[in-house]
$ cat final_19.cif   # mmCIF, C-alpha atoms
data_final
#
loop_
_atom_site.label_atom_id
_atom_site.label_comp_id
_atom_site.auth_asym_id
_atom_site.auth_seq_id
_atom_site.Cartn_x
_atom_site.Cartn_y
_atom_site.Cartn_z
CA MET W 1093 20.31 -9.66 13.57
CA THR W 1094 17.66 -8.69 11.06
CA LEU W 1095 14.84 -6.33 11.83
CA GLU W 1096 12.43 -9.21 11.41
CA ALA W 1097 14.27 -11.15 14.09
CA GLU W 1098 13.73 -8.21 16.41
CA GLY W 1099 10.04 -8.30 15.70
CA LEU W 1100 10.05 -5.14 13.61
CA THR W 1101 8.21 -6.04 10.46
CA GLY W 1102 6.28 -4.13 7.91
CA HIS W 1103 5.64 -3.20 4.33
CA VAL W 1104 6.79 -0.40 2.08
CA LEU W 1105 4.23 1.76 0.30
CA ASP W 1106 5.17 3.23 -3.05
CA LEU W 1107 3.63 6.42 -4.41
CA ASP W 1108 1.05 4.63 -6.54
CA ALA W 1109 -0.07 2.68 -3.48
CA VAL W 1110 -0.45 5.89 -1.51
CA HIS W 1111 -2.64 7.43 -4.21
CA HIS W 1112 -4.58 4.16 -4.36
CA LEU W 1113 -5.20 4.32 -0.61
CA LEU W 1114 -6.10 8.00 -0.56
CA ASP W 1115 -8.47 7.56 -3.48
CA VAL W 1116 -9.92 4.40 -1.90
CA LYS W 1117 -9.54 2.44 -5.10
CA SER W 1118 -9.98 -0.82 -3.20
CA ASN W 1119 -11.22 -1.94 0.17
CA TYR W 1120 -8.36 -4.42 0.26
CA GLY W 1121 -5.97 -1.47 0.52
CA ARG W 1122 -7.93 -0.18 3.51
CA GLU W 1123 -7.83 -3.62 5.07
CA VAL W 1124 -4.05 -3.81 4.74
CA VAL W 1125 -3.75 -0.51 6.59
CA ARG W 1126 -6.31 -1.61 9.19
CA GLN W 1127 -4.43 -4.84 9.87
CA SER W 1128 -1.16 -2.92 10.03
CA VAL W 1129 -2.69 -0.88 12.85
CA LEU W 1130 -4.09 -3.94 14.63
CA ARG W 1131 -0.82 -5.86 14.32
CA ASN W 1132 1.38 -2.81 15.01
CA THR W 1133 3.20 -3.42 11.75
CA THR W 1134 5.02 -0.56 10.04
CA LEU W 1135 3.93 0.98 6.77
CA LEU W 1136 7.08 2.62 5.48
CA LEU W 1137 6.60 5.55 3.14
CA PRO W 1138 9.61 6.63 1.06
CA ALA W 1139 10.41 10.27 1.80
CA THR W 1140 10.22 10.95 -1.93
CA ALA W 1141 6.61 9.76 -1.98
CA ALA W 1142 5.75 11.55 1.26
CA GLN W 1143 7.04 14.84 -0.11
CA CYS W 1144 5.01 14.43 -3.29
CA VAL W 1145 1.80 13.65 -1.42
CA ALA W 1146 2.39 16.44 1.08
CA THR W 1147 2.84 18.88 -1.80
CA PHE W 1148 -0.18 17.96 -3.86
CA ARG W 1149 -2.57 16.48 -1.27
CA PRO W 1150 -1.54 18.22 1.95
CA GLY W 1151 -4.67 17.57 3.99
CA GLN W 1152 -4.72 13.88 3.17
CA ALA W 1153 -0.98 13.59 3.66
CA GLU W 1154 -1.34 15.00 7.16
CA ALA W 1155 -4.08 12.50 7.96
CA LEU W 1156 -2.08 9.60 6.53
CA LEU W 1157 1.06 10.53 8.44
CA ALA W 1158 -1.00 10.76 11.64
CA VAL W 1159 -1.69 7.03 11.43
CA PRO W 1160 0.66 5.68 14.11
CA VAL W 1161 2.14 2.84 12.03
CA VAL W 1162 2.96 5.05 9.03
CA THR W 1163 6.62 6.06 9.09
CA ILE W 1164 8.72 8.00 6.60
CA GLY W 1165 11.82 6.23 5.33
CA SER W 1166 14.70 8.54 4.53
CA LEU W 1167 17.15 8.07 1.67
CA GLU W 1168 20.58 7.90 3.19
CA ALA W 1169 23.58 9.28 1.34
CA ALA W 1170 25.01 5.80 0.90
CA ASP W 1171 21.82 4.64 -0.84
CA VAL W 1172 21.44 7.49 -3.29
CA THR W 1173 23.70 5.85 -5.86
CA HIS W 1174 21.94 2.52 -5.51
CA ALA W 1175 18.53 4.12 -5.96
CA ALA W 1176 19.80 6.09 -8.92
CA GLY W 1177 21.19 2.90 -10.43
CA LEU W 1178 17.71 1.43 -10.52
CA GLY W 1179 16.43 4.42 -12.44
CA PRO W 1180 17.28 3.42 -16.03
CA LYS W 1181 15.69 -0.03 -15.76
CA MET W 1182 12.60 1.37 -14.07
CA ALA W 1183 12.40 4.16 -16.65
CA ALA W 1184 12.49 1.52 -19.37
CA ASN W 1185 9.71 -0.37 -17.58
CA LEU W 1186 7.68 2.82 -17.42
CA GLU W 1187 8.29 3.58 -21.08
CA ARG W 1188 7.19 0.08 -22.12
CA HIS W 1189 3.98 0.44 -20.17
CA ALA W 1190 3.09 4.05 -21.02
CA SER W 1191 1.38 5.03 -24.22
CA GLY W 1192 3.34 8.26 -24.60
CA PRO W 1193 6.19 10.20 -23.02
CA ALA W 1194 6.39 9.88 -19.25
CA THR W 1195 4.59 12.60 -17.35
CA GLY W 1196 6.05 14.48 -14.42
CA THR W 1197 3.82 12.54 -12.07
CA GLU W 1198 5.04 9.24 -13.48
CA LEU W 1199 8.65 10.29 -13.10
CA VAL W 1200 8.11 11.19 -9.45
CA ALA W 1201 6.44 7.81 -8.94
CA LEU W 1202 9.48 6.18 -10.55
CA LEU W 1203 11.87 7.94 -8.17
CA ALA W 1204 9.70 6.93 -5.22
CA ALA W 1205 9.58 3.35 -6.50
CA ALA W 1206 13.39 3.19 -6.66
CA HIS W 1207 13.50 4.56 -3.12
CA ALA W 1208 10.95 1.92 -2.08
CA VAL W 1209 13.23 -0.83 -3.43
CA VAL W 1210 16.17 0.51 -1.42
CA LEU W 1211 14.09 0.72 1.76
CA ALA W 1212 12.72 -2.80 1.26
CA GLU W 1213 16.17 -4.26 0.66
CA ALA W 1214 17.58 -2.54 3.74
CA ARG W 1215 14.93 -4.29 5.80
CA GLY W 1216 15.69 -7.76 4.59
CA GLY W 1217 13.17 -7.86 1.78
CA TRP W 1218 9.99 -6.26 3.02
CA ARG W 1219 7.20 -6.47 0.51
CA ILE W 1220 6.45 -3.34 -1.51
CA ILE W 1221 2.76 -2.55 -1.75
CA THR W 1222 1.98 -1.10 -5.15
CA SER W 1223 -0.65 -0.65 -7.80
CA ALA W 1224 2.01 -0.18 -10.49
CA PRO W 1225 3.84 -3.52 -10.56
CA HIS W 1226 5.23 -2.93 -14.05
CA LEU W 1227 7.73 -0.47 -12.58
CA TYR W 1228 9.47 -3.36 -10.84
CA ASP W 1229 9.82 -5.71 -13.81
CA ASP W 1230 13.23 -7.40 -13.74
CA ILE W 1231 14.32 -5.65 -10.56
CA PRO W 1232 15.96 -8.48 -8.60
CA ASP W 1233 14.82 -9.64 -5.18
CA VAL W 1234 11.77 -7.41 -5.04
CA ARG W 1235 8.65 -8.84 -3.44
CA LEU W 1236 5.42 -7.08 -4.33
CA GLU W 1237 1.92 -6.97 -2.95
CA ILE W 1238 -0.21 -5.77 -5.82
CA LEU W 1239 -3.32 -3.80 -4.95
CA PRO W 1240 -6.37 -4.69 -7.02
CA MET P 52 7.22 4.56 34.92
CA GLY P 53 4.86 7.30 36.10
CA MET P 54 2.76 7.39 39.22
CA THR P 55 0.77 4.29 39.98
CA LYS P 56 -2.58 3.89 41.65
CA ARG P 57 -3.82 0.81 43.41
CA ILE P 58 -7.25 -0.38 42.31
CA THR P 59 -9.21 -3.56 42.82
CA ILE P 60 -10.62 -5.25 39.75
CA SER P 61 -12.48 -8.47 39.08
CA LEU P 62 -11.58 -10.65 36.12
CA PRO P 63 -13.01 -13.85 34.70
CA ASP P 64 -11.12 -16.84 36.09
CA ASP P 65 -9.23 -17.59 32.89
CA LEU P 66 -8.00 -14.01 32.51
CA ALA P 67 -7.10 -13.74 36.17
CA ASP P 68 -5.08 -16.98 35.87
CA GLU P 69 -3.36 -15.65 32.75
CA ALA P 70 -2.45 -12.39 34.46
CA GLN P 71 -1.11 -14.18 37.54
CA ARG P 72 0.90 -16.62 35.43
CA SER P 73 2.73 -13.67 33.88
CA GLY P 74 4.43 -13.04 37.21
CA ASN P 75 3.45 -9.38 37.16
CA ALA P 76 -0.31 -9.10 36.95
CA SER P 77 -0.32 -5.33 37.22
CA GLY P 78 2.21 -4.94 34.41
CA TYR P 79 0.40 -7.52 32.30
CA ILE P 80 -2.91 -5.69 32.60
CA ALA P 81 -1.27 -2.30 32.04
CA ASP P 82 0.30 -3.63 28.83
CA ALA P 83 -3.07 -4.94 27.67
CA LEU P 84 -4.71 -1.58 28.33
CA ARG P 85 -1.92 0.27 26.51
CA GLU P 86 -2.32 -2.07 23.55
CA GLN P 87 -6.06 -1.44 23.52
CA ARG P 88 -5.44 2.32 23.60
CA ARG P 89 -2.87 2.03 20.78
CA ILE P 90 -5.37 0.25 18.56
CA LYS P 91 -8.19 2.64 19.43
CA ASP P 92 -6.00 5.65 18.59
CA GLY P 93 -4.88 4.02 15.34
CA LEU P 94 -8.41 3.24 14.21
CA ALA P 95 -9.46 6.79 15.12
CA ALA P 96 -6.67 8.07 12.85
CA LEU P 97 -8.04 5.91 10.03
CA GLU P 98 -11.50 7.37 10.58
CA ARG P 99 -10.02 10.85 10.25
CA LEU P 100 -8.33 9.73 7.03
CA TRP P 101 -11.27 7.96 5.41
CA GLY P 102 -14.35 9.15 7.28
CA ALA P 103 -16.98 7.39 9.30
CA GLY P 104 -18.03 3.95 8.11
CA TRP P 105 -14.75 3.36 6.30
CA GLN P 106 -14.70 -0.31 7.32
CA ASP P 107 -18.23 -1.07 6.16
CA ASP P 108 -17.36 -2.37 2.70
CA ILE P 109 -14.36 -4.48 3.65
CA THR P 110 -15.25 -8.05 2.80
CA ASP P 111 -14.22 -11.37 4.28
CA ALA P 112 -12.18 -11.96 1.13
CA ASP P 113 -10.27 -8.71 1.79
CA ARG P 114 -9.60 -9.81 5.37
CA GLU P 115 -8.46 -13.27 4.36
CA ARG P 116 -6.12 -11.94 1.70
CA ALA P 117 -4.63 -9.48 4.19
CA ASN P 118 -4.21 -12.25 6.74
CA ARG P 119 -2.18 -14.14 4.15
CA LEU P 120 -0.09 -11.04 3.41
CA PHE P 121 0.78 -10.76 7.07
CA GLY P 122 1.72 -14.42 7.14
CA SER P 123 -1.06 -15.42 9.43
CA GLY P 124 -3.86 -17.80 8.72
CA GLY P 125 -5.43 -16.48 11.89
CA ASP P 126 -8.06 -13.83 12.23
CA VAL P 127 -6.44 -10.68 13.58
CA ASP P 128 -9.79 -9.35 14.80
CA ARG P 129 -10.19 -12.37 17.01
CA ASP P 130 -6.56 -12.27 18.11
CA VAL P 131 -6.70 -8.66 19.29
CA ALA P 132 -10.21 -8.83 20.73
#

$ encode --input "final_19.cif" --output "structure tokens"
Amino acid sequence: MTLEAEGLTGHVLDLDAVHHLLDVKSNYGREVVRQSVLRNTTLLLPATAAQCVATFRPGQAEALLAVPVVTIGSLEAADVTHAAGLGPKMAANLERHASGPATGTELVALLAAAHAVVLAEARGGWRIITSAPHLYDDIPDVRLEILP
Amino acid sequence: MGMTKRITISLPDDLADEAQRSGNASGYIADALREQRRIKDGLAALERLWGAGWQDDITDADRERANRLFGSGGDVDRDVA
């Protein structure tokens, strides 16, 4: 039985989406979170992204994680290799899009994006909410919701 | 379940019928109140995240697009009201 069949549905937030939400770059992003609360639908945050936000934006991270539908998705041992396997393709996507060498922040976002793909797959293809769709170019079976 | 307390309430006919049809009116109403509390707590958390008035600039277009994302042509605000 899939999680959807049990009524557990949701979306995965990648790191760029989290920054987008915290910086209020669009009201659509706020509306997605609002409807997630109203509909009791999970917003799954990869642990990699959560750690990054908690490190560099601790106050906002605490407020985000206090939203009842926001849940941290762990990276299980069995998935580490799969996530790592996505790295080279996503790194190439990043390189194509960036004007210069990847920054540390971009590399963390890449790791979180690979984690987001693994979490989405494990839940039967949940959509990944992102403002950096280029990271996912040519990654099979990924469904995106692109923030404006 | 914790302690319970018997109270008498009055409901509009349609809601009273709905509660009775559930077969457990008390449980039905308790679930509805819990759901209301869940939403209220969630929206309060969003106000702590984004500050007062955070919903003011959300447009109908934002709501409609989000409704589509959630696979519902319906209006969630009406559905949960």

$ residues_around --input "final_19.cif" --residues "Val1161 (chain W)" --least-positions-apart "3" --cutoff "10 Å" --atoms "all atoms listed in the file" --output "NGL selection string"
(:W and (1102 or 1125-1126 or 1128-1136 or 1156-1158 or 1164)) or (:P and (93))

$ residues_around --input "final_19.cif" --residues "Leu66 (chain P)" --least-positions-apart "4" --cutoff "12 Å" --atoms "all atoms listed in the file" --output "ChimeraX atom specification"
/P:60-62,70-73,76,79-80,83

$ interface_residues --input "final_19.cif" --of "chain W" --to "chain P" --cutoff "6 Å" --atoms "all atoms listed in the file" --output "PDB file with C-alpha atoms, keeping the file's coordinate frame"
ATOM      1  CA  ASN W1119     -11.220  -1.940   0.170  1.00  0.00           C
ATOM      2  CA  TYR W1120      -8.360  -4.420   0.260  1.00  0.00           C
ATOM      3  CA  VAL W1124      -4.050  -3.810   4.740  1.00  0.00           C
ATOM      4  CA  VAL W1129      -2.690  -0.880  12.850  1.00  0.00           C
ATOM      5  CA  LEU W1130      -4.090  -3.940  14.630  1.00  0.00           C
ATOM      6  CA  ALA W1155      -4.080  12.500   7.960  1.00  0.00           C
ATOM      7  CA  VAL W1159      -1.690   7.030  11.430  1.00  0.00           C
ATOM      8  CA  PRO W1160       0.660   5.680  14.110  1.00  0.00           C
TER       9      PRO W1160
END

$ residues_around --input "final_19.cif" --residues "region 1176-1180 of chain W" --least-positions-apart "4" --cutoff "7 Å" --atoms "all atoms listed in the file" --output "ChimeraX atom specification"
/W:1172,1184,1206

$ write_last_selection --input "final_19.cif" --atoms "C-alpha atoms" --output "JSON list (two decimals), in the frame of the given file"
[["chain", "number", "residue", "atom", "x", "y", "z"],
["W", 1172, "VAL", "CA", 21.44, 7.49, -3.29],
["W", 1184, "ALA", "CA", 12.49, 1.52, -19.37],
["W", 1206, "ALA", "CA", 13.39, 3.19, -6.66]]

$ atom_distance --input "final_19.cif" --atom1 "CA of Pro1232 (chain W)" --atom2 "CA of Val1210 (chain W)"
11.5 Å

$ atom_distance --input "final_19.cif" --atom1 "CA of Tyr1228 (chain W)" --atom2 "CA of Met1182 (chain W)"
6.5 Å

$ atom_distance --input "final_19.cif" --atom1 "CA of Ala1194 (chain W)" --atom2 "CA of His1226 (chain W)"
13.9 Å

$ build_atoms --input "final_19.cif" --residues "region 1162-1177 of chain W" --atoms "N, CA and C atoms" --output "PDB file, keeping the file's coordinate frame"
ATOM      1  N   VAL W1162       2.363   4.500  10.256  1.00  0.00           N
ATOM      2  CA  VAL W1162       2.960   5.050   9.030  1.00  0.00           C
ATOM      3  C   VAL W1162       4.212   5.839   9.396  1.00  0.00           C
ATOM      4  N   THR W1163       5.320   5.459   8.780  1.00  0.00           N
ATOM      5  CA  THR W1163       6.620   6.060   9.090  1.00  0.00           C
ATOM      6  C   THR W1163       7.296   6.456   7.782  1.00  0.00           C
ATOM      7  N   ILE W1164       7.986   7.561   7.800  1.00  0.00           N
ATOM      8  CA  ILE W1164       8.720   8.000   6.600  1.00  0.00           C
ATOM      9  C   ILE W1164      10.115   7.395   6.608  1.00  0.00           C
ATOM     10  N   GLY W1165      10.478   6.791   5.477  1.00  0.00           N
ATOM     11  CA  GLY W1165      11.820   6.230   5.330  1.00  0.00           C
ATOM     12  C   GLY W1165      12.706   7.208   4.570  1.00  0.00           C
ATOM     13  N   SER W1166      13.811   7.571   5.174  1.00  0.00           N
ATOM     14  CA  SER W1166      14.700   8.540   4.530  1.00  0.00           C
ATOM     15  C   SER W1166      15.605   7.831   3.517  1.00  0.00           C
ATOM     16  N   LEU W1167      16.184   8.613   2.640  1.00  0.00           N
ATOM     17  CA  LEU W1167      17.150   8.070   1.670  1.00  0.00           C
ATOM     18  C   LEU W1167      18.528   8.516   2.120  1.00  0.00           C
ATOM     19  N   GLU W1168      19.265   7.568   2.660  1.00  0.00           N
ATOM     20  CA  GLU W1168      20.580   7.900   3.190  1.00  0.00           C
ATOM     21  C   GLU W1168      21.570   8.161   2.048  1.00  0.00           C
ATOM     22  N   ALA W1169      22.596   8.924   2.364  1.00  0.00           N
ATOM     23  CA  ALA W1169      23.580   9.280   1.340  1.00  0.00           C
ATOM     24  C   ALA W1169      24.153   8.043   0.659  1.00  0.00           C
ATOM     25  N   ALA W1170      24.399   7.007   1.458  1.00  0.00           N
ATOM     26  CA  ALA W1170      25.010   5.800   0.900  1.00  0.00           C
ATOM     27  C   ALA W1170      24.087   5.081  -0.075  1.00  0.00           C
ATOM     28  N   ASP W1171      22.782   5.349   0.007  1.00  0.00           N
ATOM     29  CA  ASP W1171      21.820   4.640  -0.840  1.00  0.00           C
ATOM     30  C   ASP W1171      21.435   5.415  -2.091  1.00  0.00           C
ATOM     31  N   VAL W1172      21.837   6.657  -2.148  1.00  0.00           N
ATOM     32  CA  VAL W1172      21.440   7.490  -3.290  1.00  0.00           C
ATOM     33  C   VAL W1172      21.910   6.867  -4.600  1.00  0.00           C
ATOM     34  N   THR W1173      23.148   6.418  -4.628  1.00  0.00           N
ATOM     35  CA  THR W1173      23.700   5.850  -5.860  1.00  0.00           C
ATOM     36  C   THR W1173      22.969   4.572  -6.237  1.00  0.00           C
ATOM     37  N   HIS W1174      22.661   3.770  -5.233  1.00  0.00           N
ATOM     38  CA  HIS W1174      21.940   2.520  -5.510  1.00  0.00           C
ATOM     39  C   HIS W1174      20.555   2.811  -6.090  1.00  0.00           C
ATOM     40  N   ALA W1175      19.867   3.756  -5.465  1.00  0.00           N
ATOM     41  CA  ALA W1175      18.530   4.120  -5.960  1.00  0.00           C
ATOM     42  C   ALA W1175      18.630   4.673  -7.379  1.00  0.00           C
ATOM     43  N   ALA W1176      19.629   5.511  -7.587  1.00  0.00           N
ATOM     44  CA  ALA W1176      19.800   6.090  -8.920  1.00  0.00           C
ATOM     45  C   ALA W1176      20.113   5.019  -9.952  1.00  0.00           C
ATOM     46  N   GLY W1177      20.843   3.987  -9.512  1.00  0.00           N
ATOM     47  CA  GLY W1177      21.190   2.900 -10.430  1.00  0.00           C
ATOM     48  C   GLY W1177      19.995   2.110 -10.900  1.00  0.00           C
TER      49      GLY W1177
END
